[in-house]
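Participant: Below are the structure tokens for one structure; questions will follow.
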Amino acid sequence: MKGIWWKLLTGVWMTAAIWAAYLKAGPAEGFPFPDGARIIFFHVPCAWFASLAYLMACGYSITFLNSLARSGWEAARRWDLRTSVSMELGFLFAALTTVSGSIFSRLEWGAYWSWDPRQTSILVILLIFAAYLVLRGAVTDPETRARLSAVYALVAVVPGTFLIWVLPRIVYTLHGDANRAVIGGNIGNNYRTVLYGFALPAFIGLFTWMFQLRLRQEVLVERLRQP
Amino acid sequence: MAVLTKDLRSELRNRAAVNSVLLFSVTALVVVGFATGSAKPSAEVKAALLWIVLFFAAFSGLSHIFLHEEEAGTSMALRLTARPEAIFLGKLLFNLLLMMGIAAVVTPLYWVLLDVRPEVAWGYAAAVAVGCIGLAVAATIVAAIIAKARGKGALYGALGFPILIPLLFMAVDGSRSCLVPGVPLAALVRDLIGMASFAVMLVTASLLLFPYVWED
């Protein structure tokens with residue numbers, strides 16, 4: 001079993017992250033419902049990895065189109081598979097972000113949804129992931145599907161960059177700026193330790209593993225389809 | 001340019017796109033006017049409803065420009081005779097003209113039906129015009145993408161909406177600021193600049209990517 005050690009390590013680390021989130025971090029001061037703030041340890045990494053998945057998908061789309069123009073479909077198709085897998089994982093993580101975020105929003109700010117700019121942008125990113133996957137479902141020829149969906153992923157960069165990096169920073173938001181996690185209470189240093197020391201490494205491992213598994217599955221499906 | 005004149009000429013011959021789009025937008029307007037009725041909606045609601053009508057008007061008819069080529073089987077001939085950039089710009093100009101036509105019919109009717117009294121008419125007109133340019137750009141590139149997909153009608157709006165959210169956000173904000181007394185001009189100008197730069201970014205991205213959609 002090649003590479004089993006880091007998968008085991010991911011399991012241990014994720015367990016440690018859950019333990020730290022519930023037993024070590026302690027309730028956050030100043031929130032209406034201090035214990036609810038623990039959801040941050042899972043919400044924030046999900047949001048990071050949804051954005052990361054989108055960036056990866058864009059990178060793979062560019063590589064795909066370049067490689068298609070230079071060395072043809074057979075060489076380029078593996079980049080298309082990677083784009084699609086990134087988009088699927090992005091959809092999953094964006095959905096988790098939206099759900100965990102609105103639970104937090106209900107507990108601390110009083111409503112499940114308050115059209116905060118960051119909520120709006122994660123919703124739009126979620127819609128972009130969904131639209132990409134629907135578009136893939138609607139084209140039958142694999143090469144056409146790969147080209148059209150790569151182009152859509154890259155066209156969506158324009159609103160995507162605007163929404164992830166521009167809008168939340170120019171409009172007043174309930175989330176703090178990038179360095180302070182959330183407005184509405186005080187997040188202590190122990191929170192930062194748990195977030196960066198436990199949750200982030202565990203999510204890196206989880207994301208990489210899921211990506212590998214899904215990609216291997218897609219490659220096998222491709223191989224089975226070929227006569 | 002040649003592509004634009006060709007599309008204009010074939011449109012003048014049967015007027016399929018223009019008629020259906022105009023009828024759709026007038027119907028949508030009447031539905032909105034009927035539904036709000038005597039409710040006296042606020043400035044926010046009026047601005048939002050106008051953009052909902054314009055969005056769906058754009059995404060009901062602007063896909064025609066590429067669908068028509070696929071259905072008539074003329075896309076191969078077009079591919080042989082012109083460069084992709086020229087084709088995209090020609091189609092984009094046609095859609096821009098069509099979109100401006102829609103806006104020129106919808107906006108005055110909307111004023112009449114919903115009793116809209118903008119404080120600054122030029123600002124309102126500018127917000128609608130710049131917003132419609134952005135709508136037309138997004139509608140054109142998405143039309144090129146979906147021309148080869150199945151279930152085009154539903155897919156068209158679903159793919160277009162996420163791309164247009166930032167633009168719609170600024171467009172609603174801009175046209176709302178023209179409706180409230182004591183117009184916040186700075187906010188209006190900021191929205192106009194934002195929409196224009198969004199449209200420029202989208203045109204650039206589309207021109208770079210269109211050859212990959214178009215060439216088989």
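A note on labels: chains of the structure tokens are A, B, ... as shown, every chain counts residues from 1, and ligands are counted from 1 in their shown order.
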Each residue of chain A with at least one atom at most 7 Å from chain B should appear once, together with its nearest atom pair and the corresponding distance in Å (one decimal); atoms considered: only C-alpha atoms; ordering: chain, then increasing residue number; output as JSON lines.

Facilitator:
{"residue": "A:Val124", "atom": "CA", "partner": "B:Pro162", "partner_atom": "CA", "distance": 5.8}
{"residue": "A:Leu127", "atom": "CA", "partner": "B:Pro162", "partner_atom": "CA", "distance": 6.0}
{"residue": "A:Ile128", "atom": "CA", "partner": "B:Pro162", "partner_atom": "CA", "distance": 5.7}
{"residue": "A:Ala131", "atom": "CA", "partner": "B:Leu159", "partner_atom": "CA", "distance": 5.5}
{"residue": "A:Ala138", "atom": "CA", "partner": "B:Arg150", "partner_atom": "CA", "distance": 5.1}
{"residue": "A:Val139", "atom": "CA", "partner": "B:Ala149", "partner_atom": "CA", "distance": 4.8}
{"residue": "A:Arg147", "atom": "CA", "partner": "B:Val213", "partner_atom": "CA", "distance": 6.5}
{"residue": "A:Leu148", "atom": "CA", "partner": "B:Ile145", "partner_atom": "CA", "distance": 5.8}
{"residue": "A:Val151", "atom": "CA", "partner": "B:Leu209", "partner_atom": "CA", "distance": 6.1}
{"residue": "A:Val155", "atom": "CA", "partner": "B:Ala205", "partner_atom": "CA", "distance": 6.2}
{"residue": "A:Ala156", "atom": "CA", "partner": "B:Ile163", "partner_atom": "CA", "distance": 5.7}
{"residue": "A:Val158", "atom": "CA", "partner": "B:Leu202", "partner_atom": "CA", "distance": 6.6}
{"residue": "A:Pro159", "atom": "CA", "partner": "B:Ile163", "partner_atom": "CA", "distance": 5.6}

Participant: Would you mind exporting C-alpha atoms of the selected residues as a PDB file, in the first residue's frame?

Facilitator:
ATOM      1  CA  VAL A 124     -22.700  32.394  -6.750  1.00  0.00           C
ATOM      2  CA  LEU A 127     -24.108  28.218  -8.828  1.00  0.00           C
ATOM      3  CA  ILE A 128     -21.043  28.358 -11.091  1.00  0.00           C
ATOM      4  CA  ALA A 131     -23.808  25.256 -13.942  1.00  0.00           C
ATOM      5  CA  ALA A 138     -25.752  18.228 -21.503  1.00  0.00           C
ATOM      6  CA  VAL A 139     -23.040  17.552 -24.107  1.00  0.00           C
ATOM      7  CA  ARG A 147     -13.791  22.200 -24.820  1.00  0.00           C
ATOM      8  CA  LEU A 148     -17.115  23.857 -23.984  1.00  0.00           C
ATOM      9  CA  VAL A 151     -14.330  27.694 -21.850  1.00  0.00           C
ATOM     10  CA  VAL A 155     -15.460  32.784 -18.670  1.00  0.00           C
ATOM     11  CA  ALA A 156     -16.739  32.393 -15.112  1.00  0.00           C
ATOM     12  CA  VAL A 158     -14.505  37.200 -14.528  1.00  0.00           C
ATOM     13  CA  PRO A 159     -17.435  37.180 -12.057  1.00  0.00           C
TER      14      PRO A 159
END

Participant: Give me, as a VMD selection string, all polymer residues having an atom no more than 12 Å from region 210-224 of chain A, counting only C-alpha atoms and skipping those fewer than 2 positions away in the same chain.

Facilitator: chain A and resid 3 7 10 49 53 56 to 57 74 77 to 90 92 to 93 142 203 to 208 226 to 227

Participant: Go ahead and dump the residues you just picked, N, CA, C and O atoms, as a compact mmCIF listing (two decimals), in the first residue's frame.

Facilitator:
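Everything below was put into out.txt:
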# COMPACT_ATOMS: atom_id res chain seq x y z
N GLY A 3 1.83 4.98 -0.04
CA GLY A 3 1.23 6.24 0.42
C GLY A 3 0.18 6.08 1.49
O GLY A 3 -0.64 6.98 1.67
N LYS A 7 -2.36 8.91 4.59
CA LYS A 7 -3.81 8.76 4.77
C LYS A 7 -4.13 8.47 6.23
O LYS A 7 -5.08 9.03 6.80
N THR A 10 -3.75 11.65 8.05
CA THR A 10 -4.92 12.50 7.87
C THR A 10 -6.03 12.11 8.84
O THR A 10 -6.66 12.97 9.47
N PHE A 49 -11.13 25.60 0.67
CA PHE A 49 -10.91 24.55 -0.31
C PHE A 49 -11.88 24.65 -1.48
O PHE A 49 -11.56 24.22 -2.58
N ALA A 53 -10.35 24.77 -5.06
CA ALA A 53 -10.81 23.87 -6.11
C ALA A 53 -11.13 24.65 -7.38
O ALA A 53 -10.85 24.21 -8.50
N MET A 56 -7.88 25.62 -9.02
CA MET A 56 -7.29 24.46 -9.67
C MET A 56 -8.01 24.15 -10.98
O MET A 56 -7.38 23.87 -12.00
N ALA A 57 -9.36 24.24 -10.93
CA ALA A 57 -10.12 23.95 -12.14
C ALA A 57 -9.75 24.92 -13.26
O ALA A 57 -9.62 24.53 -14.42
N GLU A 74 -6.02 13.26 -27.45
CA GLU A 74 -5.60 12.12 -26.63
C GLU A 74 -4.68 12.56 -25.50
O GLU A 74 -4.78 12.08 -24.37
N ARG A 77 -6.80 14.94 -22.77
CA ARG A 77 -8.02 14.56 -22.05
C ARG A 77 -7.80 14.38 -20.56
O ARG A 77 -8.71 14.56 -19.76
N ARG A 78 -6.55 14.05 -20.14
CA ARG A 78 -6.34 13.88 -18.70
C ARG A 78 -6.51 15.20 -17.95
O ARG A 78 -6.93 15.21 -16.80
N TRP A 79 -6.21 16.32 -18.62
CA TRP A 79 -6.42 17.62 -17.96
C TRP A 79 -7.91 17.91 -17.83
O TRP A 79 -8.35 18.54 -16.87
N ASP A 80 -8.68 17.44 -18.82
CA ASP A 80 -10.14 17.63 -18.73
C ASP A 80 -10.71 16.87 -17.54
O ASP A 80 -11.54 17.38 -16.79
N LEU A 81 -10.22 15.62 -17.34
CA LEU A 81 -10.68 14.85 -16.18
C LEU A 81 -10.37 15.57 -14.88
O LEU A 81 -11.19 15.64 -13.97
N ARG A 82 -9.16 16.17 -14.82
CA ARG A 82 -8.78 16.87 -13.59
C ARG A 82 -9.65 18.11 -13.36
O ARG A 82 -10.03 18.40 -12.23
N THR A 83 -9.97 18.82 -14.45
CA THR A 83 -10.87 19.97 -14.30
C THR A 83 -12.20 19.54 -13.70
O THR A 83 -12.71 20.14 -12.75
N SER A 84 -12.74 18.45 -14.27
CA SER A 84 -14.06 18.01 -13.84
C SER A 84 -14.04 17.56 -12.38
O SER A 84 -14.95 17.87 -11.60
N VAL A 85 -12.96 16.84 -11.98
CA VAL A 85 -12.88 16.38 -10.59
C VAL A 85 -12.76 17.58 -9.64
O VAL A 85 -13.42 17.62 -8.59
N SER A 86 -11.94 18.58 -10.01
CA SER A 86 -11.84 19.78 -9.15
C SER A 86 -13.19 20.45 -8.99
O SER A 86 -13.55 20.89 -7.89
N MET A 87 -13.93 20.52 -10.10
CA MET A 87 -15.22 21.19 -10.05
C MET A 87 -16.20 20.44 -9.14
O MET A 87 -16.93 21.04 -8.37
N GLU A 88 -16.16 19.09 -9.22
CA GLU A 88 -17.06 18.31 -8.35
C GLU A 88 -16.73 18.53 -6.89
O GLU A 88 -17.61 18.77 -6.06
N LEU A 89 -15.42 18.45 -6.56
CA LEU A 89 -15.02 18.65 -5.17
C LEU A 89 -15.37 20.07 -4.72
O LEU A 89 -15.82 20.29 -3.60
N GLY A 90 -15.16 21.04 -5.63
CA GLY A 90 -15.50 22.42 -5.31
C GLY A 90 -16.97 22.55 -4.99
O GLY A 90 -17.35 23.24 -4.03
N LEU A 92 -18.95 20.25 -3.79
CA LEU A 92 -19.19 19.64 -2.49
C LEU A 92 -18.77 20.59 -1.36
O LEU A 92 -19.55 20.86 -0.42
N PHE A 93 -17.56 21.15 -1.47
CA PHE A 93 -17.06 22.00 -0.38
C PHE A 93 -17.84 23.32 -0.31
O PHE A 93 -18.09 23.83 0.78
N PRO A 142 -17.40 13.60 -26.04
CA PRO A 142 -16.43 13.93 -24.97
C PRO A 142 -15.53 15.12 -25.31
O PRO A 142 -15.26 15.95 -24.45
N PHE A 203 -7.66 19.06 6.59
CA PHE A 203 -8.42 19.29 5.36
C PHE A 203 -7.53 19.15 4.13
O PHE A 203 -8.00 18.69 3.08
N ILE A 204 -6.25 19.55 4.24
CA ILE A 204 -5.35 19.36 3.10
C ILE A 204 -5.27 17.88 2.75
O ILE A 204 -5.42 17.47 1.59
N GLY A 205 -5.08 17.04 3.79
CA GLY A 205 -5.00 15.61 3.56
C GLY A 205 -6.29 15.06 2.97
O GLY A 205 -6.28 14.32 1.98
N LEU A 206 -7.41 15.49 3.53
CA LEU A 206 -8.72 15.00 3.09
C LEU A 206 -8.97 15.37 1.63
O LEU A 206 -9.38 14.53 0.81
N PHE A 207 -8.68 16.63 1.31
CA PHE A 207 -8.93 17.12 -0.05
C PHE A 207 -8.07 16.35 -1.06
O PHE A 207 -8.57 15.89 -2.09
N THR A 208 -6.77 16.20 -0.73
CA THR A 208 -5.88 15.48 -1.65
C THR A 208 -6.36 14.04 -1.87
O THR A 208 -6.39 13.55 -3.00
N GLN A 226 -13.53 2.62 -23.42
CA GLN A 226 -12.81 2.39 -24.66
C GLN A 226 -12.85 0.90 -25.02
O GLN A 226 -12.67 0.06 -24.14
N PRO A 227 -13.05 0.57 -26.27
CA PRO A 227 -13.15 -0.83 -26.68
C PRO A 227 -11.80 -1.54 -26.58
O PRO A 227 -10.77 -0.92 -26.73

Participant: Give me, as a PyMOL selection string, all polymer residues having an atom no more than 10 Å from Gly123 (chain B), counting only C-alpha atoms and skipping those fewer than 3 positions away in the same chain.

Facilitator: chain B and resi 118-120+126-129+174-175+177-179+183+185+188-189+192

Participant: Do a neighbour search on region 42-58 of chain B at 10 Å with only C-alpha atoms, toss out local chain neighbours closer than 4 positions, and write the hits as an mmCIF file with N, CA, C and O atoms, in the first residue's frame.

Facilitator:
data_model
loop_
_atom_site.group_PDB
_atom_site.id
_atom_site.type_symbol
_atom_site.label_atom_id
_atom_site.label_comp_id
_atom_site.auth_asym_id
_atom_site.auth_seq_id
_atom_site.Cartn_x
_atom_site.Cartn_y
_atom_site.Cartn_z
ATOM 1 N N SER B 20 -40.058 37.482 -31.562
ATOM 2 C CA SER B 20 -40.300 36.672 -30.369
ATOM 3 C C SER B 20 -39.745 37.350 -29.129
ATOM 4 O O SER B 20 -40.382 37.343 -28.071
ATOM 5 N N VAL B 21 -38.563 37.976 -29.250
ATOM 6 C CA VAL B 21 -37.970 38.622 -28.078
ATOM 7 C C VAL B 21 -38.825 39.799 -27.618
ATOM 8 O O VAL B 21 -39.104 39.961 -26.421
ATOM 9 N N LEU B 22 -39.279 40.608 -28.586
ATOM 10 C CA LEU B 22 -40.082 41.765 -28.201
ATOM 11 C C LEU B 22 -41.395 41.334 -27.559
ATOM 12 O O LEU B 22 -41.797 41.868 -26.523
ATOM 13 N N LEU B 23 -42.022 40.326 -28.158
ATOM 14 C CA LEU B 23 -43.286 39.864 -27.597
ATOM 15 C C LEU B 23 -43.066 39.330 -26.193
ATOM 16 O O LEU B 23 -43.825 39.611 -25.261
ATOM 17 N N PHE B 24 -41.957 38.563 -26.022
ATOM 18 C CA PHE B 24 -41.662 38.014 -24.705
ATOM 19 C C PHE B 24 -41.483 39.122 -23.685
ATOM 20 O O PHE B 24 -42.050 39.066 -22.581
ATOM 21 N N SER B 25 -40.708 40.159 -24.040
ATOM 22 C CA SER B 25 -40.434 41.174 -23.021
ATOM 23 C C SER B 25 -41.680 41.988 -22.696
ATOM 24 O O SER B 25 -41.900 42.349 -21.535
ATOM 25 N N VAL B 26 -42.507 42.260 -23.711
ATOM 26 C CA VAL B 26 -43.743 42.996 -23.417
ATOM 27 C C VAL B 26 -44.659 42.152 -22.529
ATOM 28 O O VAL B 26 -45.237 42.647 -21.558
ATOM 29 N N THR B 27 -44.736 40.841 -22.829
ATOM 30 C CA THR B 27 -45.559 39.962 -21.990
ATOM 31 C C THR B 27 -45.055 39.954 -20.557
ATOM 32 O O THR B 27 -45.835 40.076 -19.599
ATOM 33 N N ALA B 28 -43.724 39.820 -20.412
ATOM 34 C CA ALA B 28 -43.148 39.788 -19.065
ATOM 35 C C ALA B 28 -43.467 41.073 -18.316
ATOM 36 O O ALA B 28 -43.823 41.057 -17.131
ATOM 37 N N LEU B 29 -43.374 42.205 -19.034
ATOM 38 C CA LEU B 29 -43.690 43.501 -18.429
ATOM 39 C C LEU B 29 -45.130 43.561 -17.947
ATOM 40 O O LEU B 29 -45.419 44.016 -16.837
ATOM 41 N N VAL B 31 -47.029 41.077 -17.180
ATOM 42 C CA VAL B 31 -47.185 40.205 -16.017
ATOM 43 C C VAL B 31 -46.711 40.918 -14.755
ATOM 44 O O VAL B 31 -47.386 40.907 -13.720
ATOM 45 N N VAL B 32 -45.540 41.573 -14.851
ATOM 46 C CA VAL B 32 -45.016 42.291 -13.690
ATOM 47 C C VAL B 32 -45.972 43.404 -13.263
ATOM 48 O O VAL B 32 -46.312 43.544 -12.079
ATOM 49 N N GLY B 33 -46.430 44.174 -14.247
ATOM 50 C CA GLY B 33 -47.336 45.267 -13.925
ATOM 51 C C GLY B 33 -48.623 44.765 -13.309
ATOM 52 O O GLY B 33 -49.128 45.316 -12.326
ATOM 53 N N THR B 36 -47.885 43.343 -9.625
ATOM 54 C CA THR B 36 -47.680 44.357 -8.587
ATOM 55 C C THR B 36 -48.933 45.218 -8.447
ATOM 56 O O THR B 36 -49.232 45.700 -7.364
ATOM 57 N N LEU B 62 -31.551 35.842 -27.253
ATOM 58 C CA LEU B 62 -30.251 36.141 -27.838
ATOM 59 C C LEU B 62 -29.466 34.886 -28.222
ATOM 60 O O LEU B 62 -28.452 34.974 -28.897
ATOM 61 N N SER B 63 -29.945 33.697 -27.805
ATOM 62 C CA SER B 63 -29.226 32.490 -28.189
ATOM 63 C C SER B 63 -29.474 32.168 -29.661
ATOM 64 O O SER B 63 -28.725 31.416 -30.282
ATOM 65 N N ASN B 95 -26.237 41.233 -31.436
ATOM 66 C CA ASN B 95 -26.951 41.080 -30.166
ATOM 67 C C ASN B 95 -27.043 42.392 -29.400
ATOM 68 O O ASN B 95 -28.032 42.650 -28.718
ATOM 69 N N LEU B 98 -29.855 44.315 -30.914
ATOM 70 C CA LEU B 98 -31.121 43.716 -30.508
ATOM 71 C C LEU B 98 -31.447 44.079 -29.062
ATOM 72 O O LEU B 98 -32.574 44.461 -28.722
ATOM 73 N N MET B 99 -30.418 43.993 -28.205
ATOM 74 C CA MET B 99 -30.607 44.283 -26.779
ATOM 75 C C MET B 99 -30.989 45.737 -26.567
ATOM 76 O O MET B 99 -31.844 46.068 -25.741
ATOM 77 N N ILE B 102 -34.544 46.069 -27.417
ATOM 78 C CA ILE B 102 -35.399 45.583 -26.330
ATOM 79 C C ILE B 102 -35.502 46.646 -25.241
ATOM 80 O O ILE B 102 -36.587 46.998 -24.782
ATOM 81 N N ALA B 103 -34.323 47.176 -24.848
ATOM 82 C CA ALA B 103 -34.310 48.160 -23.766
ATOM 83 C C ALA B 103 -35.110 49.398 -24.159
ATOM 84 O O ALA B 103 -35.823 49.974 -23.335
ATOM 85 N N VAL B 106 -38.723 48.327 -23.690
ATOM 86 C CA VAL B 106 -39.119 47.919 -22.347
ATOM 87 C C VAL B 106 -39.112 49.090 -21.361
ATOM 88 O O VAL B 106 -40.065 49.277 -20.601
ATOM 89 N N THR B 107 -38.013 49.866 -21.379
ATOM 90 C CA THR B 107 -37.869 50.880 -20.335
ATOM 91 C C THR B 107 -38.996 51.917 -20.341
ATOM 92 O O THR B 107 -39.601 52.162 -19.291
ATOM 93 N N TYR B 110 -42.135 50.382 -19.129
ATOM 94 C CA TYR B 110 -42.025 50.115 -17.702
ATOM 95 C C TYR B 110 -42.353 51.362 -16.899
ATOM 96 O O TYR B 110 -43.040 51.306 -15.888
ATOM 97 N N TRP B 111 -41.866 52.516 -17.377
ATOM 98 C CA TRP B 111 -42.152 53.784 -16.696
ATOM 99 C C TRP B 111 -43.647 54.024 -16.653
ATOM 100 O O TRP B 111 -44.197 54.454 -15.649
ATOM 101 N N LEU B 114 -45.528 51.052 -14.411
ATOM 102 C CA LEU B 114 -45.272 51.005 -12.979
ATOM 103 C C LEU B 114 -45.121 52.384 -12.354
ATOM 104 O O LEU B 114 -44.724 52.491 -11.203
ATOM 105 N N ASP B 115 -45.396 53.421 -13.128
ATOM 106 C CA ASP B 115 -45.354 54.769 -12.605
ATOM 107 C C ASP B 115 -43.969 55.082 -12.009
ATOM 108 O O ASP B 115 -43.833 55.438 -10.844
ATOM 109 N N VAL B 116 -42.937 54.878 -12.839
ATOM 110 C CA VAL B 116 -41.575 55.168 -12.397
ATOM 111 C C VAL B 116 -41.259 56.628 -12.717
ATOM 112 O O VAL B 116 -41.493 57.077 -13.835
ATOM 113 N N ARG B 117 -40.776 57.357 -11.726
ATOM 114 C CA ARG B 117 -40.376 58.741 -12.005
ATOM 115 C C ARG B 117 -38.920 58.927 -11.594
ATOM 116 O O ARG B 117 -38.626 59.263 -10.456
ATOM 117 N N PRO B 118 -37.977 58.690 -12.528
ATOM 118 C CA PRO B 118 -36.569 58.849 -12.159
ATOM 119 C C PRO B 118 -36.232 60.315 -11.882
ATOM 120 O O PRO B 118 -36.743 61.210 -12.560
ATOM 121 N N TYR B 124 -30.496 57.228 -15.319
ATOM 122 C CA TYR B 124 -31.278 55.997 -15.468
ATOM 123 C C TYR B 124 -31.021 55.386 -16.834
ATOM 124 O O TYR B 124 -30.733 54.185 -16.947
ATOM 125 N N VAL B 128 -29.238 51.754 -17.674
ATOM 126 C CA VAL B 128 -29.861 50.711 -18.498
ATOM 127 C C VAL B 128 -28.971 50.375 -19.689
ATOM 128 O O VAL B 128 -28.739 49.199 -20.000
ATOM 129 N N GLY B 131 -25.722 48.552 -18.600
ATOM 130 C CA GLY B 131 -26.095 47.219 -18.126
ATOM 131 C C GLY B 131 -26.454 46.304 -19.281
ATOM 132 O O GLY B 131 -26.085 45.123 -19.284
ATOM 133 N N CYS B 132 -27.161 46.844 -20.285
ATOM 134 C CA CYS B 132 -27.569 46.008 -21.422
ATOM 135 C C CYS B 132 -26.372 45.586 -22.261
ATOM 136 O O CYS B 132 -26.389 44.491 -22.843
ATOM 137 N N LEU B 135 -25.118 42.601 -20.469
ATOM 138 C CA LEU B 135 -26.046 41.481 -20.700
ATOM 139 C C LEU B 135 -25.812 40.869 -22.076
ATOM 140 O O LEU B 135 -25.746 39.643 -22.222
ATOM 141 N N ALA B 136 -25.656 41.735 -23.087
ATOM 142 C CA ALA B 136 -25.508 41.234 -24.455
ATOM 143 C C ALA B 136 -24.205 40.458 -24.601
ATOM 144 O O ALA B 136 -24.179 39.412 -25.257
ATOM 145 N N ALA B 138 -22.476 38.775 -22.246
ATOM 146 C CA ALA B 138 -22.592 37.471 -21.590
ATOM 147 C C ALA B 138 -23.520 36.558 -22.383
ATOM 148 O O ALA B 138 -23.240 35.369 -22.572
ATOM 149 N N ALA B 139 -24.636 37.119 -22.882
ATOM 150 C CA ALA B 139 -25.592 36.308 -23.626
ATOM 151 C C ALA B 139 -24.945 35.744 -24.886
ATOM 152 O O ALA B 139 -25.224 34.604 -25.272
ATOM 153 N N THR B 140 -24.053 36.513 -25.531
ATOM 154 C CA THR B 140 -23.452 36.038 -26.778
ATOM 155 C C THR B 140 -22.487 34.889 -26.524
ATOM 156 O O THR B 140 -22.551 33.859 -27.201
ATOM 157 N N GLY B 157 -30.301 30.140 -19.546
ATOM 158 C CA GLY B 157 -30.427 31.019 -18.391
ATOM 159 C C GLY B 157 -29.602 30.542 -17.208
ATOM 160 O O GLY B 157 -28.977 31.341 -16.505
ATOM 161 N N GLY B 160 -26.060 31.489 -17.807
ATOM 162 C CA GLY B 160 -25.844 32.931 -17.890
ATOM 163 C C GLY B 160 -25.926 33.624 -16.544
ATOM 164 O O GLY B 160 -25.150 34.535 -16.270
ATOM 165 N N PHE B 161 -26.826 33.171 -15.689
ATOM 166 C CA PHE B 161 -27.075 33.894 -14.440
ATOM 167 C C PHE B 161 -25.854 34.033 -13.533
ATOM 168 O O PHE B 161 -25.527 35.131 -13.109
ATOM 169 N N LEU B 164 -23.568 36.688 -14.634
ATOM 170 C CA LEU B 164 -24.056 38.064 -14.661
ATOM 171 C C LEU B 164 -24.340 38.654 -13.285
ATOM 172 O O LEU B 164 -24.674 39.831 -13.193
ATOM 173 N N LEU B 168 -25.564 42.463 -12.528
ATOM 174 C CA LEU B 168 -26.942 42.751 -12.133
ATOM 175 C C LEU B 168 -26.977 43.501 -10.800
ATOM 176 O O LEU B 168 -27.778 44.413 -10.607
ATOM 177 N N PHE B 169 -26.067 43.091 -9.903
ATOM 178 C CA PHE B 169 -25.943 43.745 -8.603
ATOM 179 C C PHE B 169 -25.708 45.249 -8.790
ATOM 180 O O PHE B 169 -26.412 46.092 -8.216
ATOM 181 N N ALA B 171 -26.147 46.971 -11.595
ATOM 182 C CA ALA B 171 -27.190 47.582 -12.412
ATOM 183 C C ALA B 171 -28.401 47.939 -11.559
ATOM 184 O O ALA B 171 -28.954 49.040 -11.675
ATOM 185 N N VAL B 172 -28.794 47.032 -10.666
ATOM 186 C CA VAL B 172 -29.940 47.312 -9.796
ATOM 187 C C VAL B 172 -29.613 48.482 -8.877
ATOM 188 O O VAL B 172 -30.406 49.412 -8.698
ATOM 189 N N ASP B 173 -28.380 48.447 -8.330
ATOM 190 C CA ASP B 173 -27.973 49.512 -7.435
ATOM 191 C C ASP B 173 -27.965 50.862 -8.162
ATOM 192 O O ASP B 173 -28.475 51.861 -7.653
ATOM 193 N N GLY B 174 -27.417 50.862 -9.388
ATOM 194 C CA GLY B 174 -27.318 52.104 -10.152
ATOM 195 C C GLY B 174 -28.679 52.653 -10.515
ATOM 196 O O GLY B 174 -28.937 53.851 -10.359
ATOM 197 N N SER B 175 -29.576 51.789 -10.992
ATOM 198 C CA SER B 175 -30.873 52.338 -11.407
ATOM 199 C C SER B 175 -31.714 52.710 -10.191
ATOM 200 O O SER B 175 -32.549 53.603 -10.275
ATOM 201 N N ARG B 176 -31.461 52.047 -9.041
ATOM 202 C CA ARG B 176 -32.193 52.447 -7.840
ATOM 203 C C ARG B 176 -31.768 53.831 -7.387
ATOM 204 O O ARG B 176 -32.599 54.653 -6.996
ATOM 205 N N SER B 177 -30.439 54.110 -7.484
ATOM 206 C CA SER B 177 -30.010 55.410 -6.977
ATOM 207 C C SER B 177 -30.565 56.558 -7.819
ATOM 208 O O SER B 177 -30.595 57.698 -7.356
ATOM 209 N N CYS B 178 -31.031 56.261 -9.049
ATOM 210 C CA CYS B 178 -31.661 57.325 -9.839
ATOM 211 C C CYS B 178 -33.101 57.556 -9.420
ATOM 212 O O CYS B 178 -33.724 58.534 -9.843
ATOM 213 N N LEU B 179 -33.685 56.631 -8.657
ATOM 214 C CA LEU B 179 -35.106 56.744 -8.340
ATOM 215 C C LEU B 179 -35.353 57.436 -7.004
ATOM 216 O O LEU B 179 -36.430 57.969 -6.779
ATOM 217 N N VAL B 180 -34.364 57.396 -6.089
ATOM 218 C CA VAL B 180 -34.589 57.992 -4.777
ATOM 219 C C VAL B 180 -34.287 59.491 -4.837
ATOM 220 O O VAL B 180 -33.426 59.921 -5.588
#

Participant: Hey, what does DSSP flag as helix (DSSP H, G or I) within chain B? Can you give it to me as a PyMOL selection string?

Facilitator: chain B and resi 2-14+16-36+43-61+64-72+75-81+84-114+121-146+152-177+185-214

Participant: For each of B:Val137, B:Ala154, B:Ala104, B:Val200, take the minimum atom-to-atom distance to Gly90 (chain B), counting only C-alpha atoms, then give the residue where this is smallest.

Facilitator: B:Val137

Participant: Would you please work out which residue, of A:Gly101, A:Gly11, A:Gly59, A:Pro45, is nearest to Val194 (chain A) when using only C-alpha atoms?

Facilitator: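 That would be A:Pro45, the residue with the smallest distance to Val194 (chain A).
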